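Shown next: data-v5.txt, containing compact mmCIF, C-alpha atoms (C1' of nucleotides).
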# COMPACT_ATOMS: atom_id res chain seq x y z
CA MET I 26 21.98 -27.72 -10.89
CA THR I 27 18.39 -28.27 -9.79
CA GLU I 28 18.81 -31.08 -7.29
CA SER I 29 17.26 -29.30 -4.41
CA LEU I 30 14.62 -26.94 -5.74
CA ASP I 31 11.69 -28.19 -7.79
CA ALA I 32 11.06 -26.65 -11.19
CA GLU I 33 8.26 -24.35 -10.03
CA ARG I 34 10.28 -22.95 -7.19
CA MET I 35 13.34 -22.54 -9.35
CA ALA I 36 11.36 -20.57 -11.90
CA CYS I 37 9.85 -18.51 -9.12
CA TRP I 38 13.23 -17.79 -7.62
CA ARG I 39 14.72 -16.71 -10.91
CA ALA I 40 11.81 -14.50 -11.86
CA TYR I 41 11.95 -12.87 -8.46
CA ILE I 42 15.70 -12.19 -8.58
CA GLU I 43 15.80 -10.85 -12.09
CA SER I 44 12.68 -8.72 -11.90
CA SER I 45 13.64 -7.26 -8.57
CA GLN I 46 17.01 -6.29 -9.93
CA ARG I 47 15.41 -4.64 -12.93
CA LEU I 48 12.85 -2.88 -10.79
CA PHE I 49 15.40 -1.46 -8.38
CA THR I 50 17.63 -0.11 -11.11
CA ARG I 51 14.64 1.37 -12.89
CA LEU I 52 13.38 3.12 -9.79
CA GLU I 53 16.86 4.43 -9.11
CA ASP I 54 17.09 5.80 -12.64
CA ASP I 55 13.67 7.43 -12.41
CA LEU I 56 14.50 9.00 -9.09
CA ARG I 57 17.79 10.41 -10.32
CA ALA I 58 16.11 11.65 -13.47
CA ASP I 59 13.72 13.90 -11.65
CA SER I 60 15.29 14.76 -8.29
CA GLU I 61 18.93 14.97 -7.22
CA LEU I 62 18.32 11.96 -4.96
CA SER I 63 19.46 8.38 -5.05
CA PHE I 64 17.24 5.59 -3.82
CA ALA I 65 19.29 5.44 -0.63
CA ASP I 66 18.98 9.20 -0.11
CA TYR I 67 15.24 8.97 -0.53
CA HIS I 68 14.90 6.12 1.90
CA VAL I 69 16.93 7.94 4.54
CA LEU I 70 14.72 10.99 4.17
CA VAL I 71 11.55 8.91 4.51
CA LEU I 72 12.72 7.21 7.67
CA LEU I 73 13.85 10.45 9.26
CA SER I 74 10.66 12.26 8.32
CA GLU I 75 8.62 9.61 10.13
CA ALA I 76 10.77 9.40 13.23
CA PRO I 77 9.85 11.32 16.39
CA GLY I 78 11.81 14.56 16.36
CA GLN I 79 12.74 13.72 12.77
CA ARG I 80 15.95 12.21 14.08
CA LEU I 81 17.34 8.70 14.36
CA ARG I 82 20.42 7.07 15.82
CA MET I 83 22.92 5.93 13.25
CA GLY I 84 22.63 2.32 14.28
CA GLU I 85 18.86 2.37 14.13
CA LEU I 86 18.99 3.88 10.68
CA ALA I 87 21.54 1.36 9.49
CA GLY I 88 19.40 -1.48 10.76
CA ARG I 89 16.29 -0.30 8.97
CA LEU I 90 18.08 0.49 5.73
CA VAL I 91 19.97 -2.81 5.82
CA PHE I 92 23.22 -0.88 5.49
CA SER I 93 26.59 -1.72 7.00
CA PRO I 94 27.72 0.80 9.61
CA SER I 95 30.47 2.20 7.43
CA ARG I 96 28.13 2.53 4.51
CA LEU I 97 25.71 4.50 6.59
CA THR I 98 28.47 6.80 7.81
CA TYR I 99 29.39 7.53 4.23
CA GLN I 100 25.76 7.96 3.19
CA VAL I 101 24.98 10.41 5.97
CA SER I 102 28.18 12.35 5.38
CA SER I 103 27.26 12.73 1.77
CA MET I 104 23.77 13.94 2.62
CA GLN I 105 25.17 16.25 5.26
CA ARG I 106 27.49 17.79 2.68
CA ARG I 107 24.44 18.49 0.53
CA GLY I 108 22.49 19.94 3.45
CA LEU I 109 19.80 17.26 3.53
CA VAL I 110 20.54 16.09 7.06
CA ALA I 111 22.56 17.26 10.05
CA ARG I 112 24.52 15.16 12.46
CA GLN I 113 24.27 15.68 16.22
CA SER I 114 26.00 13.83 18.97
CA CYS I 115 23.55 11.94 21.12
CA PRO I 116 23.04 13.35 24.62
CA GLN I 117 22.12 10.02 26.25
CA ASP I 118 25.07 8.12 24.86
CA ARG I 119 28.10 10.09 23.94
CA ARG I 120 29.51 7.35 21.75
CA GLY I 121 26.61 7.72 19.42
CA SER I 122 25.32 10.30 17.04
CA GLU I 123 22.05 10.89 15.35
CA ALA I 124 21.02 12.09 11.96
CA VAL I 125 18.47 14.89 11.93
CA LEU I 126 16.32 15.91 9.01
CA THR I 127 16.86 19.50 7.88
CA ALA I 128 14.30 21.79 6.32
CA ALA I 129 16.04 21.36 3.00
CA GLY I 130 15.91 17.60 3.41
CA LEU I 131 12.21 17.67 4.10
CA LEU I 132 11.67 19.90 1.11
CA ALA I 133 13.67 17.61 -1.13
CA LEU I 134 11.60 14.67 0.06
CA ARG I 135 8.35 16.51 -0.55
CA GLU I 136 9.41 17.34 -4.06
CA ALA I 137 10.66 13.88 -4.90
CA ALA I 138 7.91 11.82 -3.30
CA PRO I 139 5.16 12.28 -5.89
CA HIS I 140 7.46 11.35 -8.73
CA HIS I 141 8.87 8.40 -6.91
CA LEU I 142 5.50 7.09 -5.82
CA ARG I 143 4.20 7.47 -9.35
CA SER I 144 7.17 5.46 -10.50
CA VAL I 145 6.52 2.69 -7.98
CA ARG I 146 2.92 2.54 -9.07
CA ALA I 147 3.69 2.57 -12.77
CA HIS I 148 6.32 -0.13 -12.66
CA LEU I 149 4.88 -2.39 -10.00
CA MET I 150 1.78 -1.61 -8.02
CA ASP I 151 -0.68 -0.74 -10.76
CA ASP I 152 -0.24 -4.21 -12.20
CA LEU I 153 -1.17 -6.00 -9.00
CA ASP I 154 -4.69 -6.92 -7.99
CA ASP I 155 -5.71 -6.93 -4.34
CA ALA I 156 -5.14 -10.64 -3.88
CA GLU I 157 -1.62 -10.33 -5.22
CA VAL I 158 -0.90 -7.41 -2.94
CA ALA I 159 -2.14 -9.43 0.01
CA CYS I 160 -0.01 -12.40 -0.98
CA LEU I 161 3.16 -10.36 -1.42
CA THR I 162 2.59 -8.58 1.85
CA ARG I 163 2.12 -11.82 3.74
CA VAL I 164 5.17 -13.44 2.15
CA PHE I 165 7.55 -10.55 2.58
CA GLU I 166 6.47 -9.57 6.06
CA ARG I 167 7.06 -13.15 7.14
CA LEU I 168 10.41 -13.14 5.39
CA GLY I 169 11.35 -9.87 7.04
CA ARG I 170 10.50 -11.20 10.48
CA ARG I 171 12.60 -14.27 9.87
CA LEU I 172 15.59 -12.34 8.62
CA ARG I 173 15.62 -9.48 11.06
CA PRO I 174 18.75 -9.84 13.13
CA ASP I 175 17.28 -9.55 16.61
CA ARG I 176 16.00 -13.11 16.79
CA ASP I 177 17.90 -16.08 18.16
CA ASP I 178 17.02 -18.77 15.67
CA SER I 179 18.38 -21.71 17.63
CA SER I 180 15.09 -23.38 18.57
CA THR I 181 13.08 -22.80 15.42
CA HIS I 182 14.73 -25.51 13.34
CA PRO I 183 14.21 -28.75 15.29
CA GLU I 184 15.37 -30.66 12.21
CA MET K 14 4.03 10.97 1.96
CA THR K 15 1.27 8.55 1.10
CA GLU K 16 -0.77 10.59 -1.34
CA SER K 17 -0.54 8.16 -4.13
CA LEU K 18 -0.26 4.67 -2.70
CA ASP K 19 -2.97 3.27 -0.45
CA ALA K 20 -1.97 1.90 2.95
CA GLU K 21 -2.03 -1.75 1.89
CA ARG K 22 0.17 -1.15 -1.09
CA MET K 23 2.55 1.02 0.86
CA ALA K 24 2.96 -1.71 3.47
CA CYS K 25 3.44 -4.25 0.71
CA TRP K 26 6.05 -2.15 -1.01
CA ARG K 27 8.01 -1.58 2.16
CA ALA K 28 7.94 -5.20 3.22
CA TYR K 29 9.09 -6.22 -0.23
CA ILE K 30 11.99 -3.74 -0.35
CA GLU K 31 13.30 -4.40 3.11
CA SER K 32 12.96 -8.18 3.05
CA SER K 33 14.50 -8.46 -0.36
CA GLN K 34 17.46 -6.41 0.76
CA ARG K 35 17.90 -8.60 3.79
CA LEU K 36 17.52 -11.76 1.78
CA PHE K 37 20.09 -10.77 -0.83
CA THR K 38 22.71 -9.82 1.73
CA ARG K 39 22.05 -13.02 3.65
CA LEU K 40 22.43 -15.19 0.57
CA GLU K 41 25.60 -13.36 -0.35
CA ASP K 42 27.01 -13.94 3.12
CA ASP K 43 26.11 -17.63 3.04
CA LEU K 44 27.64 -18.07 -0.37
CA ARG K 45 30.88 -16.39 0.60
CA ALA K 46 30.99 -18.37 3.84
CA ASP K 47 31.13 -21.70 2.11
CA SER K 48 32.52 -21.11 -1.36
CA GLU K 49 34.92 -18.42 -2.62
CA LEU K 50 32.09 -17.09 -4.79
CA SER K 51 30.06 -13.93 -4.68
CA PHE K 52 26.43 -13.92 -5.68
CA ALA K 53 27.40 -12.33 -8.99
CA ASP K 54 30.09 -14.96 -9.60
CA TYR K 55 27.58 -17.70 -8.95
CA HIS K 56 25.02 -16.23 -11.27
CA VAL K 57 27.54 -15.88 -14.08
CA LEU K 58 28.52 -19.51 -13.67
CA VAL K 59 24.90 -20.65 -13.74
CA LEU K 60 24.12 -18.75 -16.93
CA LEU K 61 27.25 -19.99 -18.68
CA SER K 62 26.70 -23.57 -17.60
CA GLU K 63 23.26 -23.53 -19.21
CA ALA K 64 24.27 -21.83 -22.44
CA PRO K 65 24.98 -23.85 -25.58
CA GLY K 66 28.73 -24.37 -25.76
CA GLN K 67 28.86 -23.02 -22.20
CA ARG K 68 29.64 -19.62 -23.65
CA LEU K 69 27.79 -16.32 -23.92
CA ARG K 70 28.37 -12.95 -25.52
CA MET K 71 29.23 -10.19 -23.10
CA GLY K 72 26.20 -8.17 -24.02
CA GLU K 73 23.87 -11.11 -23.62
CA LEU K 74 25.34 -11.88 -20.24
CA ALA K 75 25.06 -8.26 -19.12
CA GLY K 76 21.43 -8.16 -20.20
CA ARG K 77 20.51 -11.27 -18.26
CA LEU K 78 22.44 -10.29 -15.15
CA VAL K 79 21.08 -6.74 -15.25
CA PHE K 80 24.64 -5.43 -15.17
CA SER K 81 26.00 -2.32 -16.84
CA PRO K 82 28.52 -3.12 -19.59
CA SER K 83 31.46 -1.83 -17.62
CA ARG K 84 30.42 -3.76 -14.58
CA LEU K 85 30.29 -6.96 -16.57
CA THR K 86 33.73 -6.31 -18.02
CA TYR K 87 35.06 -5.93 -14.51
CA GLN K 88 33.20 -9.00 -13.28
CA VAL K 89 34.44 -11.25 -16.05
CA SER K 90 38.00 -9.97 -15.73
CA SER K 91 37.93 -10.83 -12.07
CA MET K 92 36.61 -14.33 -12.74
CA GLN K 93 39.14 -14.79 -15.52
CA ARG K 94 41.93 -13.90 -13.13
CA ARG K 95 40.68 -16.64 -10.83
CA GLY K 96 40.40 -19.16 -13.65
CA LEU K 97 36.61 -19.54 -13.51
CA VAL K 98 35.97 -18.33 -17.05
CA ALA K 99 37.97 -17.60 -20.18
CA ARG K 100 37.45 -14.80 -22.65
CA GLN K 101 37.46 -15.44 -26.39
CA SER K 102 36.95 -13.01 -29.19
CA CYS K 103 33.83 -13.82 -31.13
CA PRO K 104 34.43 -15.26 -34.61
CA GLN K 105 31.18 -13.96 -36.14
CA ASP K 106 31.60 -10.42 -34.90
CA ARG K 107 35.07 -9.25 -34.22
CA ARG K 108 33.96 -6.32 -32.12
CA GLY K 109 32.55 -8.70 -29.55
CA SER K 110 33.90 -11.24 -27.15
CA GLU K 111 32.39 -14.09 -25.27
CA ALA K 112 32.88 -15.54 -21.83
CA VAL K 113 33.43 -19.29 -21.73
CA LEU K 114 33.04 -21.53 -18.73
CA THR K 115 36.24 -23.35 -17.73
CA ALA K 116 36.50 -26.76 -16.10
CA ALA K 117 37.46 -25.03 -12.87
CA GLY K 118 34.45 -22.77 -13.17
CA LEU K 119 32.12 -25.70 -13.63
CA LEU K 120 33.68 -27.45 -10.67
CA ALA K 121 33.30 -24.37 -8.50
CA LEU K 122 29.65 -24.16 -9.49
CA ARG K 123 29.05 -27.83 -8.75
CA GLU K 124 30.59 -27.42 -5.32
CA ALA K 125 28.76 -24.24 -4.46
CA ALA K 126 25.32 -25.11 -5.82
CA PRO K 127 24.12 -27.47 -3.08
CA HIS K 128 25.03 -25.02 -0.36
CA HIS K 129 23.51 -22.11 -2.17
CA LEU K 130 20.30 -23.92 -3.01
CA ARG K 131 19.99 -25.08 0.56
CA SER K 132 20.38 -21.47 1.59
CA VAL K 133 17.67 -20.30 -0.80
CA ARG K 134 15.34 -22.96 0.52
CA ALA K 135 16.09 -22.28 4.14
CA HIS K 136 15.65 -18.53 3.95
CA LEU K 137 12.84 -18.29 1.44
CA MET K 138 11.35 -21.25 -0.37
CA ASP K 139 10.65 -23.62 2.49
CA ASP K 140 8.33 -21.04 3.99
CA LEU K 141 6.17 -20.70 0.90
CA ASP K 142 3.17 -22.87 0.13
CA ASP K 143 2.31 -23.76 -3.45
CA ALA K 144 -0.23 -20.97 -3.85
CA GLU K 145 2.32 -18.40 -2.75
CA VAL K 146 4.89 -19.76 -5.14
CA ALA K 147 2.37 -19.53 -7.95
CA CYS K 148 1.48 -15.98 -7.01
CA LEU K 149 5.08 -14.80 -6.82
CA THR K 150 5.91 -16.46 -10.09
CA ARG K 151 3.01 -14.82 -11.85
CA VAL K 152 3.75 -11.39 -10.42
CA PHE K 153 7.46 -11.40 -11.05
CA GLU K 154 7.33 -12.94 -14.50
CA ARG K 155 4.88 -10.25 -15.50
CA LEU K 156 7.10 -7.61 -13.96
CA GLY K 157 10.13 -9.00 -15.74
CA ARG K 158 8.36 -8.90 -19.08
CA ARG K 159 7.34 -5.32 -18.51
CA LEU K 160 10.80 -4.19 -17.50
CA ARG K 161 12.89 -6.03 -20.03
CA PRO K 162 14.46 -3.44 -22.26
CA ASP K 163 13.54 -4.83 -25.67
CA ARG K 164 9.99 -3.52 -25.64
CA ASP K 165 8.89 -0.21 -27.09
CA ASP K 166 6.50 1.05 -24.46
CA SER K 167 5.15 4.00 -26.40
CA SER K 168 1.60 2.80 -26.92
CA THR K 169 0.93 1.10 -23.61
CA HIS K 170 0.41 4.26 -21.58
CA PRO K 171 -2.38 6.22 -23.27
CA GLU K 172 -2.42 8.34 -20.08
C1' DG L 16 35.40 3.71 41.91
C1' DG L 17 38.07 0.83 38.78
C1' DT L 18 38.51 -2.35 35.02
C1' DG L 19 37.57 -5.69 31.19
C1' DG L 20 34.72 -6.52 27.71
C1' DA L 21 31.03 -4.89 24.76
C1' DT L 22 28.97 -1.27 21.90
C1' DG L 23 28.52 2.73 18.55
C1' DC L 24 30.41 4.93 15.20
C1' DT L 25 34.24 6.32 12.23
C1' DT L 26 38.41 5.81 9.47
C1' DC L 27 41.31 3.57 6.25
C1' DA L 28 42.73 0.78 2.31
C1' DA L 29 41.21 -2.03 -1.04
C1' DA L 30 37.54 -3.82 -3.99
C1' DT L 31 33.70 -2.76 -6.69
C1' DC L 32 30.67 0.00 -9.52
C1' DC L 33 29.12 3.72 -12.65
C1' DG L 34 28.94 6.95 -16.71
C1' DA L 35 31.49 9.17 -20.16
C1' DA L 36 34.88 8.75 -23.49
C1' DT L 37 37.35 5.58 -26.56
C1' DG L 38 38.67 2.15 -29.96
C1' DT L 39 37.11 -1.46 -33.17
C1' DC L 40 34.37 -3.24 -36.07
C1' DC L 41 29.73 -4.00 -38.59
C1' DC L 42 26.48 -2.66 -42.09
C1' DC L 43 23.73 0.33 -44.93
C1' DC L 44 23.50 3.43 -48.64
C1' DG L 45 25.59 6.17 -52.08
C1' DC M 13 34.24 0.22 -53.16
C1' DG M 14 34.07 4.06 -49.27
C1' DG M 15 32.26 6.71 -45.96
C1' DG M 16 29.31 7.38 -41.77
C1' DG M 17 26.33 6.19 -38.26
C1' DG M 18 25.63 2.59 -34.98
C1' DA M 19 26.74 -1.38 -31.98
C1' DC M 20 30.07 -3.97 -28.85
C1' DA M 21 33.13 -4.01 -25.48
C1' DT M 22 36.82 -1.80 -22.80
C1' DT M 23 39.16 1.89 -20.37
C1' DC M 24 39.37 5.71 -17.39
C1' DG M 25 38.39 8.76 -13.47
C1' DG M 26 35.65 9.23 -9.81
C1' DA M 27 32.06 7.68 -6.55
C1' DT M 28 30.48 4.12 -3.64
C1' DT M 29 30.89 -0.04 -0.76
C1' DT M 30 33.20 -3.26 2.01
C1' DG M 31 35.61 -5.39 6.02
C1' DA M 32 39.08 -4.67 9.30
C1' DA M 33 41.05 -1.74 12.50
C1' DG M 34 40.65 2.16 15.59
C1' DC M 35 38.74 5.21 19.14
C1' DA M 36 35.71 6.72 22.56
C1' DT M 37 32.31 5.54 25.65
C1' DC M 38 29.27 2.59 28.33
C1' DC M 39 28.24 -0.96 31.68
C1' DA M 40 28.47 -5.16 34.61
C1' DC M 41 30.90 -6.64 38.09
C1' DC M 42 34.26 -6.59 41.44
Using the file provided, produce a representation of the structure as structure tokens.
Amino acid sequence: MTESLDAERMACWRAYIESSQRLFTRLEDDLRADSELSFADYHVLVLLSEAPGQRLRMGELAGRLVFSPSRLTYQVSSMQRRGLVARQSCPQDRRGSEAVLTAAGLLALREAAPHHLRSVRAHLMDDLDDAEVACLTRVFERLGRRLRPDRDDSSTHPE
Amino acid sequence: MTESLDAERMACWRAYIESSQRLFTRLEDDLRADSELSFADYHVLVLLSEAPGQRLRMGELAGRLVFSPSRLTYQVSSMQRRGLVARQSCPQDRRGSEAVLTAAGLLALREAAPHHLRSVRAHLMDDLDDAEVACLTRVFERLGRRLRPDRDDSSTHPE
DNA sequence: GGTGGATGCTTCAAATCCGAATGTCCCCCG
DNA sequence: CGGGGGACATTCGGATTTGAAGCATCCACC
């Protein structure tokens, strides 16, 4: 099964997949253990807290979270039920709606953030030296640019 | 929200999370587009194909896939229904059972592998130079060792 | 100013996933 | 032997996720 990936890259690929899976489930567990939030909840709160007016269109949010539209609808409904966000219809485009951070949502984020960031550091970041951080950043920012949906990829593979 | 992660590490963390999410969904889409298999199906087939006797205990499989026990039960049942694996009760330990690769499962893997590996190369590996591969491998193998569940972590964090 | 196609989001049914409870079986210790 | 605690896997109910279909609105063009 290794016809098309050399041994080094295969090992790299497998280590990346497995460790990432473990890391994500661990962070999720940590977050749930000390905050009523899931990883998705937390990420929504972060994005809203940084947005101008602490509000974001559903589509924009879905794009950044890498969520399907229906998944985001469910996610926001759930958070709305718990009072973490509100939903308002968008004045510029009446098809659309936007999610708005509530005071309770901001508070929940403020309470969860230190724990979560400690968890990210403990499981991942504290083990990385500066060169490794730089390497990961370069690799994953490049990957993100290549995979973001807004780019027509037709001319970039002259092969 | 950045009290505990410096700007470089925060950027690194975000790039890693977002790109990985995008990569996994893209690979899943590619795999489904040209093979009746999900990413999880594929991974199960790979692990079984490499195991001695092309069989693995459920628990072992769950551990390697980073799946909860009930999720693995569901996964294997689904693949059994489609003829990709068989389930046998384990002779040494009658509580347990093992998943066994079938001829159809092996065939499905052989057909899917070239497409999938091409996809992994196209989206990720072809963009990495050797130094980056080495860096990722080192980082993620270390991370995997730290997160694998078999280690008692009690003495490694003297505060 | 109308209309056909696109867009933004939601809804719906079905598939998947999780944690708690369960049923079997192993193994240690009396 | 003969419990009893523990380990392995499954089942069950409920939560989440998905993709397809639906609805309302926008917009480019006539």
Provide as a ChimeraX atom specification the residues of chain L at most 12 Å from chain I, counting all atoms listed in the file.
/L:22-27
Pull the closest atom pair for each residue of chain K that gets at most 8 Å from chain I, along with the distance in Å to one decimal, counting only C-alpha atoms, ordering rows by chain and then ascending residue number, as a tab-separated table.
residue	atom	partner	partner_atom	distance
K:Met14	CA	I:Ala138	CA	6.6
K:Glu16	CA	I:Pro139	CA	7.7
K:Ser17	CA	I:Leu142	CA	6.4
K:Leu18	CA	I:Leu142	CA	7.0
K:Glu21	CA	I:Val158	CA	7.5
K:Arg22	CA	I:Val158	CA	6.6
K:Ala24	CA	I:Thr162	CA	7.1
K:Cys25	CA	I:Thr162	CA	4.6
K:Trp26	CA	I:Thr162	CA	7.8
K:Ala28	CA	I:Phe165	CA	5.4
K:Tyr29	CA	I:Phe165	CA	5.4
K:Glu31	CA	I:Gly169	CA	7.0
K:Ser32	CA	I:Gly169	CA	4.6
K:Ser33	CA	I:Phe165	CA	7.8
K:Gln34	CA	I:Val91	CA	6.7
K:Arg35	CA	I:Val91	CA	6.5
K:Leu36	CA	I:Leu172	CA	7.1
K:Arg77	CA	I:Glu43	CA	7.8
K:Leu78	CA	I:Glu43	CA	7.3
K:Val79	CA	I:Arg47	CA	6.5
K:Arg123	CA	I:Met26	CA	7.4
K:Ala126	CA	I:Met26	CA	6.6
K:Pro127	CA	I:Ser29	CA	7.2
K:Leu130	CA	I:Ser29	CA	6.3
K:Arg131	CA	I:Ser29	CA	7.1
K:Arg134	CA	I:Leu30	CA	7.5
K:His136	CA	I:Leu168	CA	7.7
K:Leu137	CA	I:Leu168	CA	6.9
K:Met138	CA	I:Arg34	CA	7.1
K:Leu141	CA	I:Val164	CA	7.4
K:Glu145	CA	I:Cys160	CA	6.7
K:Val146	CA	I:Cys37	CA	6.5
K:Ala147	CA	I:Cys37	CA	7.6
K:Cys148	CA	I:Glu157	CA	6.7
K:Leu149	CA	I:Cys37	CA	6.5
K:Thr150	CA	I:Cys37	CA	4.5
K:Val152	CA	I:Leu153	CA	7.4
K:Phe153	CA	I:Tyr41	CA	5.4
K:Glu154	CA	I:Ala40	CA	5.4
K:Leu156	CA	I:Ser44	CA	6.1
K:Gly157	CA	I:Ser44	CA	4.6
K:Arg159	CA	I:His148	CA	7.9
K:Leu160	CA	I:Arg47	CA	6.5
K:Arg161	CA	I:Arg47	CA	7.7
Please determine the contact residues of chain M with respect to chain K at a cut-off of 10 Å, counting all atoms listed in the file, and supply them as number ranges by chain.
M: 19-23
Could you name the residues that touch L:DA21 at 12 Å or less, counting all atoms listed in the file, but leaving out those on the same chain fewer than 6 positions away, as a ChimeraX atom specification?
/M:37-40
What's the 10 Å shell around stretch 103-105 of chain I, counting all atoms listed in the file, without same-chain residues fewer than 3 positions away, as a VMD selection string?
chain I and resid 62 66 69 to 70 97 to 100 108 to 112 124 to 127 130
Interatomic distance (Å, one decimal) between atom CA of I:Arg106 and atom CA of I:Glu61
13.4 Å
Find the distance between atom CA of I:Ala129 and atom CA of I:Ala58 and write it in Å to one decimal.
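One can read the atom CA of I:Ala129 to atom CA of I:Ala58 distance as 19.1 Å.
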